[in-house]
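Data first, discussion second: the structure below is written as structure tokens.
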Amino acid sequence: MEHSREPYGENLAEGYDEMTGAQAVKLWLTEKPNYDYAPIITVLARDECLHYTQVVWRNLVHVGCARAMCKNG
């Protein structure tokens, strides 16, 4: 799985079993301990908390969602 590198935030999750949207969000929230509330330019230089910041971003106005399954399950 690879992020698109578009100018918008993007969180991806994958699993070997059925994953609900709530489980995906819970997974991204586990990155909270890696976020130190430093200036955003510092945060953007690190990967270990970007999913968390995308979930809690104050100015978030639109959310999209999609789900796909491989041919073999």
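Going by the structure tokens order, chains are called A, B, ..., each with residues numbered from 1, while ligands are numbered from 1 in the order shown.
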
Selection near A:His62, 12 Å with only C-alpha atoms, sequence-local residues under 4 positions removed, as a PDB file with C-alpha atoms, in the first residue's frame:
ATOM      1  CA  TYR A   8      -4.716  16.222   0.944  1.00  0.00           C
ATOM      2  CA  GLY A   9      -4.388  14.093   4.055  1.00  0.00           C
ATOM      3  CA  GLU A  10      -4.804  10.375   3.510  1.00  0.00           C
ATOM      4  CA  GLN A  54      -5.126  13.610  10.267  1.00  0.00           C
ATOM      5  CA  VAL A  55      -7.836  12.149  12.530  1.00  0.00           C
ATOM      6  CA  TRP A  57      -7.148  17.940  12.686  1.00  0.00           C
ATOM      7  CA  ARG A  58      -9.235  20.919  13.840  1.00  0.00           C
TER       8      ARG A  58
END

Using only C-alpha atoms, which residue out of A:Cys65, A:Tyr37, A:Lys71, A:Leu60 lies closest to A:Ala13?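 Ranking A:Cys65, A:Tyr37, A:Lys71, A:Leu60 by distance to A:Ala13, first place goes to A:Cys65.
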
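Taking atom CA of A:Arg67 and atom CA of A:Arg5 as the two end points, the separation is 19.3 Å.
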
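Closest to A:Lys26 among A:Tyr52, A:Ala68, A:Pro39, A:Ser4 is A:Tyr52, based on only C-alpha atoms.
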